Structure formats: C-alpha cells, structure tokens
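Visitor: Below you'll find protein_16.cif; it's mmCIF, C-alpha atoms (C1' of nucleotides).
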```cif
data_upload
#
loop_
_atom_site.label_atom_id
_atom_site.label_comp_id
_atom_site.auth_asym_id
_atom_site.auth_seq_id
_atom_site.Cartn_x
_atom_site.Cartn_y
_atom_site.Cartn_z
CA MET A 166 9.80 -4.38 -7.01
CA ASN A 167 8.45 -1.42 -5.03
CA PRO A 168 6.61 -2.89 -2.01
CA ASP A 169 3.85 -0.29 -2.13
CA ALA A 170 2.92 -1.44 -5.59
CA LEU A 171 1.84 -4.81 -4.20
CA ARG A 172 -0.69 -3.11 -1.96
CA GLY A 173 -4.13 -4.34 -2.86
CA HIS A 174 -2.88 -7.05 -5.19
CA MET A 175 -1.53 -9.49 -2.63
CA ASP A 176 -4.90 -11.15 -2.16
CA ALA A 177 -5.20 -11.90 -5.85
CA LEU A 178 -1.73 -13.42 -5.92
CA LEU A 179 -2.34 -15.63 -2.91
CA LEU A 180 -5.72 -16.84 -4.08
CA SER A 181 -4.29 -17.48 -7.51
CA VAL A 182 -1.46 -19.77 -6.40
CA LEU A 183 -3.95 -21.70 -4.29
CA GLU A 184 -6.28 -22.25 -7.20
CA ARG A 185 -4.49 -25.30 -8.51
CA GLU A 186 -3.87 -27.03 -5.20
CA PRO A 187 -3.73 -26.43 -1.45
CA LEU A 188 -0.35 -25.22 -0.18
CA HIS A 189 1.24 -24.17 3.09
CA GLY A 190 2.67 -20.70 3.61
CA TYR A 191 6.27 -21.50 2.92
CA ALA A 192 5.35 -23.29 -0.29
CA ILE A 193 3.20 -20.35 -1.35
CA ILE A 194 6.19 -18.04 -1.05
CA GLU A 195 8.25 -20.39 -3.18
CA ALA A 196 5.47 -20.70 -5.73
CA LEU A 197 5.21 -16.93 -6.08
CA LEU A 198 8.96 -16.69 -6.49
CA GLU A 199 9.01 -19.36 -9.15
CA ARG A 200 5.96 -18.23 -11.10
CA SER A 201 7.22 -14.66 -11.22
CA GLY A 202 10.62 -15.70 -12.49
CA GLY A 203 12.26 -14.56 -9.28
CA ALA A 204 10.66 -11.11 -9.22
CA LEU A 205 8.25 -11.71 -6.36
CA ASN A 206 10.12 -12.49 -3.17
CA VAL A 207 7.43 -11.86 -0.59
CA PRO A 208 8.59 -11.86 3.05
CA THR A 209 7.01 -14.19 5.59
CA GLY A 210 5.86 -11.19 7.60
CA THR A 211 3.63 -10.31 4.69
CA VAL A 212 2.36 -13.71 3.71
CA TYR A 213 1.42 -15.27 7.05
CA PRO A 214 -0.72 -12.39 8.28
CA ALA A 215 -2.31 -12.08 4.85
CA LEU A 216 -3.26 -15.76 4.81
CA ARG A 217 -4.84 -15.45 8.25
CA ARG A 218 -6.75 -12.42 7.08
CA LEU A 219 -8.05 -14.25 4.03
CA GLU A 220 -9.08 -17.15 6.22
CA ARG A 221 -10.86 -14.83 8.62
CA ILE A 222 -12.78 -13.33 5.71
CA GLY A 223 -13.71 -16.80 4.53
CA TYR A 224 -11.78 -17.07 1.27
CA LEU A 225 -9.46 -19.73 2.66
CA SER A 226 -9.66 -22.62 5.08
CA SER A 227 -6.69 -24.25 6.76
CA GLU A 228 -5.66 -27.40 8.53
CA TRP A 229 -2.50 -28.53 10.27
CA ALA A 230 -0.38 -31.38 9.02
CA THR A 231 2.95 -32.85 10.06
CA VAL A 232 5.36 -33.78 7.29
CA GLY A 233 8.81 -35.09 8.10
CA GLY A 234 8.50 -33.96 11.68
CA ARG A 235 7.64 -30.41 10.64
CA LYS A 236 4.30 -28.80 11.20
CA ARG A 237 2.55 -27.15 8.31
CA ARG A 238 -0.64 -25.21 8.09
CA THR A 239 -2.11 -25.97 4.70
CA TYR A 240 -4.49 -23.49 3.11
CA ARG A 241 -7.11 -24.22 0.50
CA LEU A 242 -9.58 -22.06 -1.43
CA THR A 243 -13.16 -22.09 -0.24
CA ASP A 244 -16.03 -21.70 -2.70
CA SER A 245 -16.23 -18.10 -1.62
CA GLY A 246 -12.51 -17.71 -2.26
CA ARG A 247 -12.80 -19.22 -5.71
CA LYS A 248 -15.50 -16.74 -6.55
CA GLN A 249 -13.42 -13.93 -5.13
CA LEU A 250 -10.50 -14.97 -7.31
CA GLU A 251 -12.66 -14.49 -10.38
CA GLY A 252 -13.46 -10.99 -9.17
CA GLU A 253 -9.81 -10.28 -8.43
CA ARG A 254 -8.83 -11.36 -11.92
CA SER A 255 -11.29 -9.08 -13.67
CA ALA A 256 -10.45 -6.26 -11.25
CA TRP A 257 -6.80 -6.69 -12.16
CA GLN A 258 -7.53 -6.55 -15.87
CA GLU A 259 -9.58 -3.41 -15.40
CA PHE A 260 -6.88 -1.88 -13.24
CA ALA A 261 -4.02 -2.74 -15.59
CA SER A 262 -5.99 -1.46 -18.54
CA VAL A 263 -6.78 1.85 -16.87
CA ILE A 264 -3.30 2.56 -15.52
CA GLY A 265 -1.59 1.31 -18.63
CA GLY A 266 -3.88 3.46 -20.72
CA VAL A 267 -3.12 6.63 -18.82
CA LEU A 268 0.61 5.98 -18.82
CA ARG A 269 0.55 5.30 -22.52
CA ALA A 270 -1.60 8.31 -23.39
CA ASP A 271 1.30 10.73 -23.45
CA ALA A 272 4.02 8.41 -24.63
CA VAL A 273 1.93 7.82 -27.76
CA GLU A 274 2.47 11.41 -28.85
CA ALA A 275 6.14 10.72 -29.36
CA GLY A 276 5.19 8.78 -32.47
CA GLU A 277 5.21 5.33 -30.91
CA VAL A 278 1.74 4.04 -31.61
CA SER A 279 2.58 0.33 -31.88
CA GLY A 280 -0.15 -1.87 -30.57
CA ALA A 281 -2.15 0.81 -28.82
CA ARG A 282 -5.55 -0.45 -27.81
CA ARG A 283 -8.49 1.41 -26.47
CA ALA A 284 -11.08 0.03 -24.12
CA ALA A 285 -14.37 0.00 -25.95
CA GLY A 286 -16.85 2.55 -24.59
CA MET B 139 -11.53 0.91 -8.27
CA ASN B 140 -10.08 -0.36 -5.00
CA PRO B 141 -8.14 2.58 -3.48
CA ASP B 142 -5.35 0.36 -2.19
CA ALA B 143 -4.60 -0.73 -5.72
CA LEU B 144 -3.46 2.80 -6.60
CA ARG B 145 -0.85 2.67 -3.88
CA GLY B 146 2.56 3.16 -5.42
CA HIS B 147 1.21 4.02 -8.86
CA MET B 148 -0.06 7.52 -8.14
CA ASP B 149 3.31 9.10 -8.88
CA ALA B 150 3.43 7.55 -12.32
CA LEU B 151 -0.06 8.79 -13.12
CA LEU B 152 0.64 12.33 -11.99
CA LEU B 153 3.97 12.58 -13.78
CA SER B 154 2.38 11.13 -16.88
CA VAL B 155 -0.42 13.66 -17.22
CA LEU B 156 2.13 16.43 -16.75
CA GLU B 157 4.34 15.17 -19.52
CA ARG B 158 2.46 16.89 -22.29
CA GLU B 159 1.94 20.24 -20.59
CA PRO B 160 1.95 21.94 -17.18
CA LEU B 161 -1.36 21.73 -15.34
CA HIS B 162 -2.79 22.80 -12.01
CA GLY B 163 -4.16 20.31 -9.49
CA TYR B 164 -7.79 20.58 -10.38
CA ALA B 165 -7.03 20.17 -14.08
CA ILE B 166 -4.89 17.13 -13.29
CA ILE B 167 -7.83 15.48 -11.58
CA GLU B 168 -10.01 16.17 -14.59
CA ALA B 169 -7.32 14.90 -16.95
CA LEU B 170 -7.04 11.63 -15.03
CA LEU B 171 -10.80 11.25 -15.09
CA GLU B 172 -10.97 11.87 -18.79
CA ARG B 173 -8.01 9.77 -19.84
CA SER B 174 -9.22 6.83 -17.81
CA GLY B 175 -12.69 6.98 -19.31
CA GLY B 176 -14.19 7.93 -15.98
CA ALA B 177 -12.54 5.16 -13.98
CA LEU B 178 -10.03 7.27 -12.10
CA ASN B 179 -11.77 9.79 -9.88
CA VAL B 180 -8.96 10.75 -7.55
CA PRO B 181 -9.95 12.88 -4.53
CA THR B 182 -8.30 16.23 -3.88
CA GLY B 183 -7.04 14.95 -0.55
CA THR B 184 -4.92 12.51 -2.51
CA VAL B 185 -3.74 14.71 -5.35
CA TYR B 186 -2.69 17.89 -3.59
CA PRO B 187 -0.47 16.27 -0.99
CA ALA B 188 1.00 13.99 -3.66
CA LEU B 189 1.88 16.94 -5.87
CA ARG B 190 3.60 18.68 -2.97
CA ARG B 191 5.51 15.53 -2.21
CA LEU B 192 6.65 15.22 -5.82
CA GLU B 193 7.74 18.83 -5.80
CA ARG B 194 9.64 18.34 -2.57
CA ILE B 195 11.47 15.40 -4.11
CA GLY B 196 12.30 17.50 -7.14
CA TYR B 197 10.23 15.85 -9.84
CA LEU B 198 7.92 18.84 -10.19
CA SER B 199 8.18 22.60 -9.93
CA SER B 200 5.26 24.95 -9.42
CA GLU B 201 4.25 28.55 -9.81
CA TRP B 202 1.16 30.51 -8.92
CA ALA B 203 -1.05 32.12 -11.51
CA THR B 204 -4.35 33.95 -11.40
CA VAL B 205 -6.88 33.12 -14.10
CA GLY B 206 -10.32 34.71 -14.06
CA GLY B 207 -9.83 35.87 -10.52
CA ARG B 208 -8.97 32.38 -9.32
CA LYS B 209 -5.59 31.34 -8.05
CA ARG B 210 -3.93 28.30 -9.50
CA ARG B 211 -0.73 26.53 -8.66
CA THR B 212 0.58 25.17 -11.91
CA TYR B 213 2.93 22.20 -11.84
CA ARG B 214 5.43 21.23 -14.48
CA LEU B 215 7.85 18.34 -14.87
CA THR B 216 11.48 19.02 -14.06
CA ASP B 217 14.26 17.23 -15.95
CA SER B 218 14.55 14.94 -12.97
CA GLY B 219 10.81 14.29 -13.11
CA ARG B 220 10.94 13.49 -16.79
CA LYS B 221 13.63 10.96 -16.14
CA GLN B 222 11.67 9.52 -13.24
CA LEU B 223 8.64 9.14 -15.50
CA GLU B 224 10.69 6.94 -17.79
CA GLY B 225 11.57 4.79 -14.81
CA GLU B 226 7.97 4.68 -13.65
CA ARG B 227 6.84 3.54 -17.07
CA SER B 228 9.25 0.65 -17.25
CA ALA B 229 8.55 -0.22 -13.61
CA TRP B 230 4.86 -0.37 -14.45
CA GLN B 231 5.45 -2.66 -17.40
CA GLU B 232 7.56 -4.96 -15.27
CA PHE B 233 4.96 -4.91 -12.52
CA ALA B 234 2.01 -5.53 -14.81
CA SER B 235 3.87 -8.31 -16.54
CA VAL B 236 4.76 -10.05 -13.28
CA ILE B 237 1.35 -9.78 -11.63
CA GLY B 238 -0.50 -10.58 -14.82
CA GLY B 239 1.74 -13.55 -15.34
CA VAL B 240 1.11 -15.02 -11.91
CA LEU B 241 -2.64 -14.45 -12.16
CA ARG B 242 -2.70 -16.06 -15.56
CA ALA B 243 -0.53 -19.02 -14.59
CA ASP B 244 -3.40 -21.02 -13.16
CA ALA B 245 -6.13 -19.80 -15.44
CA VAL B 246 -4.03 -21.04 -18.35
CA GLU B 247 -4.52 -24.62 -17.23
CA ALA B 248 -8.16 -24.31 -18.17
CA GLY B 249 -7.04 -24.35 -21.80
CA GLU B 250 -7.11 -20.62 -22.42
CA VAL B 251 -3.65 -19.75 -23.69
CA SER B 252 -4.62 -16.89 -26.05
CA GLY B 253 -1.94 -14.27 -26.53
CA ALA B 254 0.23 -15.10 -23.57
CA ARG B 255 3.42 -13.08 -23.68
CA ARG B 256 6.59 -13.38 -21.70
CA ALA B 257 8.89 -10.54 -20.83
CA ALA B 258 12.26 -11.24 -22.39
CA GLY B 259 14.99 -11.95 -19.88
"C1'" DT C 180 29.39 -31.96 20.27
"C1'" DG C 181 28.44 -27.73 18.11
"C1'" DT C 182 27.25 -25.07 14.12
"C1'" DC C 183 25.12 -24.06 9.97
"C1'" DT C 184 21.43 -24.09 6.55
"C1'" DA C 185 16.85 -25.12 4.95
"C1'" DC C 186 12.33 -25.70 6.37
"C1'" DA C 187 8.23 -23.70 8.79
"C1'" DT C 188 5.18 -20.46 11.43
"C1'" DA C 189 4.19 -16.37 13.92
"C1'" DT C 190 3.91 -11.58 16.05
"C1'" DA C 191 5.08 -6.63 17.28
"C1'" DG C 192 5.79 -2.37 15.75
"C1'" DA C 193 7.29 0.91 12.10
"C1'" DC C 194 6.13 3.10 7.95
"C1'" DA C 195 3.81 5.38 4.33
"C1'" DG C 196 0.48 6.62 1.22
"C1'" DC C 197 -4.35 7.03 0.12
"C1'" DC C 198 -8.83 8.38 1.93
"C1'" DT C 199 -12.62 10.98 4.40
"C1'" DA C 200 -13.94 15.09 6.17
"C1'" DC C 201 -13.52 19.63 6.73
"C1'" DA C 202 -12.02 24.58 5.93
"C1'" DT C 203 -11.53 28.48 2.88
"C1'" DG C 204 -12.37 31.43 -0.97
"C1'" DT C 205 -13.80 33.34 -5.99
"C1'" DA C 206 -17.00 33.63 -10.05
"C1'" DG C 207 -21.13 33.33 -12.33
"C1'" DA C 208 -25.92 31.70 -12.95
"C1'" DC C 209 -30.55 32.12 -11.47
"C1'" DG D 271 -29.31 35.10 -1.49
"C1'" DT D 272 -28.32 30.62 -2.86
"C1'" DC D 273 -26.30 27.26 -5.57
"C1'" DT D 274 -22.78 25.12 -8.37
"C1'" DA D 275 -18.32 24.92 -10.47
"C1'" DC D 276 -13.77 26.12 -9.81
"C1'" DA D 277 -9.58 25.83 -6.82
"C1'" DT D 278 -6.35 24.72 -2.93
"C1'" DG D 279 -5.22 22.88 1.34
"C1'" DT D 280 -4.72 20.20 6.05
"C1'" DA D 281 -5.72 16.87 9.93
"C1'" DG D 282 -6.35 12.52 11.19
"C1'" DG D 283 -7.70 7.73 10.28
"C1'" DC D 284 -7.01 3.47 8.16
"C1'" DT D 285 -4.69 -0.54 6.67
"C1'" DG D 286 -1.67 -3.43 4.43
"C1'" DT D 287 3.21 -4.29 3.67
"C1'" DC D 288 7.75 -4.49 5.67
"C1'" DT D 289 11.59 -5.19 9.11
"C1'" DA D 290 13.05 -7.45 12.88
"C1'" DT D 291 12.68 -10.87 16.02
"C1'" DA D 292 11.28 -15.30 18.24
"C1'" DT D 293 10.65 -20.22 18.16
"C1'" DG D 294 11.42 -24.86 16.72
"C1'" DT D 295 12.69 -29.32 13.68
"C1'" DA D 296 15.76 -31.90 10.45
"C1'" DG D 297 19.86 -32.92 8.31
"C1'" DA D 298 24.68 -31.95 6.78
"C1'" DC D 299 29.26 -31.37 8.18
"C1'" DA D 300 33.41 -30.82 11.02
#
```
As structure tokens, what does this structure read like?

Guide:
Amino acid sequence: MNPDALRGHMDALLLSVLEREPLHGYAIIEALLERSGGALNVPTGTVYPALRRLERIGYLSSEWATVGGRKRRTYRLTDSGRKQLEGERSAWQEFASVIGGVLRADAVEAGEVSGARRAAG
Amino acid sequence: MNPDALRGHMDALLLSVLEREPLHGYAIIEALLERSGGALNVPTGTVYPALRRLERIGYLSSEWATVGGRKRRTYRLTDSGRKQLEGERSAWQEFASVIGGVLRADAVEAGEVSGARRAAG
DNA sequence: TGTCTACATATAGACAGCCTACATGTAGAC
DNA sequence: GTCTACATGTAGGCTGTCTATATGTAGACA
C-alpha cells in the first residue's frame, strides 16, 4: 500500500475504529491490521502523532490506564468526533466515486461496461 | 474535495485521461473537470509539475505544437505509462476496497449490510 | 543471570507531493 | 485599451506520513 495514498484518509480510519469502543494506540494499530485483512500496517510513528492531533482538534479525548503493569492511553470519540466521522464517511464516498469514475471512464471504452454507474446529476 | 486526499492518486488520474488520446496540460485539467462532473478542479501548479515528473519517470512523452498562435506541449502515454496505468487501476481498486471496508466495518453494526462486497483473497 | 519477544508510547527529522501565488505571453471580443 | 480565455511554468510553503530511535514493563526461555 503506497503510503502517500493514505494521506488525508488516516483521520477517517482512526475515528472509524474508535466508533465501536475506546481503544489505546497499540490496539488501534492491531484493529486496523485485522479489519483490513492485513493490508493496513500503520507504523506507530504515524498513529501516535495522528491521535494527538485528533485530540487537540477535539475529535478524541484520552485518559491513562494501567493494565498488567503497562500504561495505556485510551482514546474515545467525542461528540464532535462522532459528527466528524459522519462527514469523513460521506467525504470518502464522494471521493471514491469521483476517482473511481475518472479511472473507469477510459477503461469502459475497451468494451468492459459491466456494472458501470454514474453519479446522478 | 480535500486536497490531501488526492495525494498519491494524481498519477492515476493523469495517466487515465491520457489513455484515450494525447492532450496538453490545459486540456487535461478541463478533461478532469468534465469527467468528474465538476468535482475535480486541479490547479495548474499541481498539473504541470506532475506531468513533468511523469515524463521524467518515463510514463509520458511530450512534444510542442502551435495551434492558433498558441504553444502547447502535448503529452502522450508511453508503453511504460500504459503498463503503469494498469497497475494504478488495480492499486486503486485495492485501496478503495480496503479503506471502504474499514470505514464500513463499524457502520455495518447499525444493521445496514446492503451490498457489502469482499475482495477475493 | 541474560536475552529475546510482545506490549506500549513517544519524538525528531526526512521526504514528497499538492497548493498558493506569481510571472509570462497570445488571441479575440468589445 | 481592457478584459477574458487560452496556455505554460516556477518558487516556496505546508503538512501529514514515514523511518529511525529512545524508553520502559512483562513474561518466556536457556
């Protein structure tokens, strides 16, 4: 997975895995790995700063906990973050539709029309 | 459209619009705008350097032409570029599938399963 | 005892691509 | 003479992701 491609989509991914339940950074990385079928192995140097950024913005809140002698900082979605996640989801759909549409536009000519859809409007 | 989101997908878009026929930079911008239904208004400061980069790599070749007294640099896909486009297309599908899958994972819980698809393998 | 791995967080600095802003020039309409 | 559309290009800023490194606990194993 080309790292640049993640640019601008990391927030959506992080907010999304936190929607179900609060998690600490390490667990978030594992969750992304699992939910992507092994495709998304995001380095700690990406995740930890991103989580802090999202907290600074107000989408996440965090608190420390000690489990089995190890310290964890557990993040949870704020109301603001939950709202943002909605926005991220629709932004993703728009984005995927637009890019996918442009990429498909020329391939279609080759005779492969299959399930081509057009955005209404 | 969040600019960061384009990061890493610009190459695919540019190669894609050049698949059908050679175009000059300005026409490429218009083509992207049109094919995206107005969603993709890419600034010249993004397109021109990107085209030069793609030419430097070997995915595009260019030649100057004068039409109606105006100079144009027309770009066309090389064999290498055509091959790269194939790769970009499958990379996009993989990417969209992975991100979409993770974003959907939690929303699904709400009962909305609709047409969920999984990439084979 | 020492070493290794998994768990867990964090930061510094490099890298790269997209953007804003600006520069330059032609053609045609008005 | 001015404006808009056409057409290309560069400099410099921004910012998010990555690599590499640092720190520390717990438990397995020799």

Visitor: Please identify all polymer residues within 10 Å of segment 148-165 of chain B, counting all atoms listed in the file, omitting same-chain residues fewer than 3 positions from it, and present them as an MDAnalysis selection string.

Guide: (chainID A and resid 170 264:265 267:272 274) or (chainID B and resid 143:145 168:171 173 180:182 184:186 188:189 191:192 197:203 209:216 219:220 222:227 229:230) or (chainID C and resid 196:197) or (chainID D and resid 276:278)

Visitor: Tell me, how big is the Cα RMSD between chain A and chain B, fit done by least squares on all Cα paired in order?

Guide: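 It is 0.5 Å.
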
Visitor: Residues picked by the PyMOL selection byres ((chain D and resi 284) around 10) here, as an MDAnalysis selection string?

Guide: (chainID C and resid 197:198) or (chainID D and resid 282:283 285:286)

Visitor: Please enclose the listed atoms of segment 283-296 of chain D in an axis-aligned box, pad each side by 6 Å, and write out the centre and the three edge lengths in Å, rounded to one decimal, as lines of an AutoDock Vina configuration file.

Guide:
```
center_x = 4.0
center_y = -12.1
center_z = 11.0
size_x = 35.5
size_y = 51.6
size_z = 26.6
```

Visitor: Within 12 Å of chain B, which residues of chain C show up when using only C-alpha atoms (C1' of nucleotides), listed as a VMD selection string?

Guide: chain C and resid 195 to 201 204 to 207

Visitor: Have a look at atom C1' of DT280 of chain D and atom CA of Thr204 of chain B and let me know their distance in Å, one decimal.

Guide: 22.2 Å

Visitor: What are the residues of chain D that have an atom within 12 Å of an atom of chain A, counting all atoms listed in the file, as a ChimeraX atom specification?

Guide: /D:285-291,294-297

Visitor: Would you compute the distance between atom CA of Ser255 of chain A and atom CA of Ser174 of chain B? Give it in Å to one decimal.

Guide: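 Answer for the atom CA of Ser255 of chain A to atom CA of Ser174 of chain B separation: 16.6 Å.
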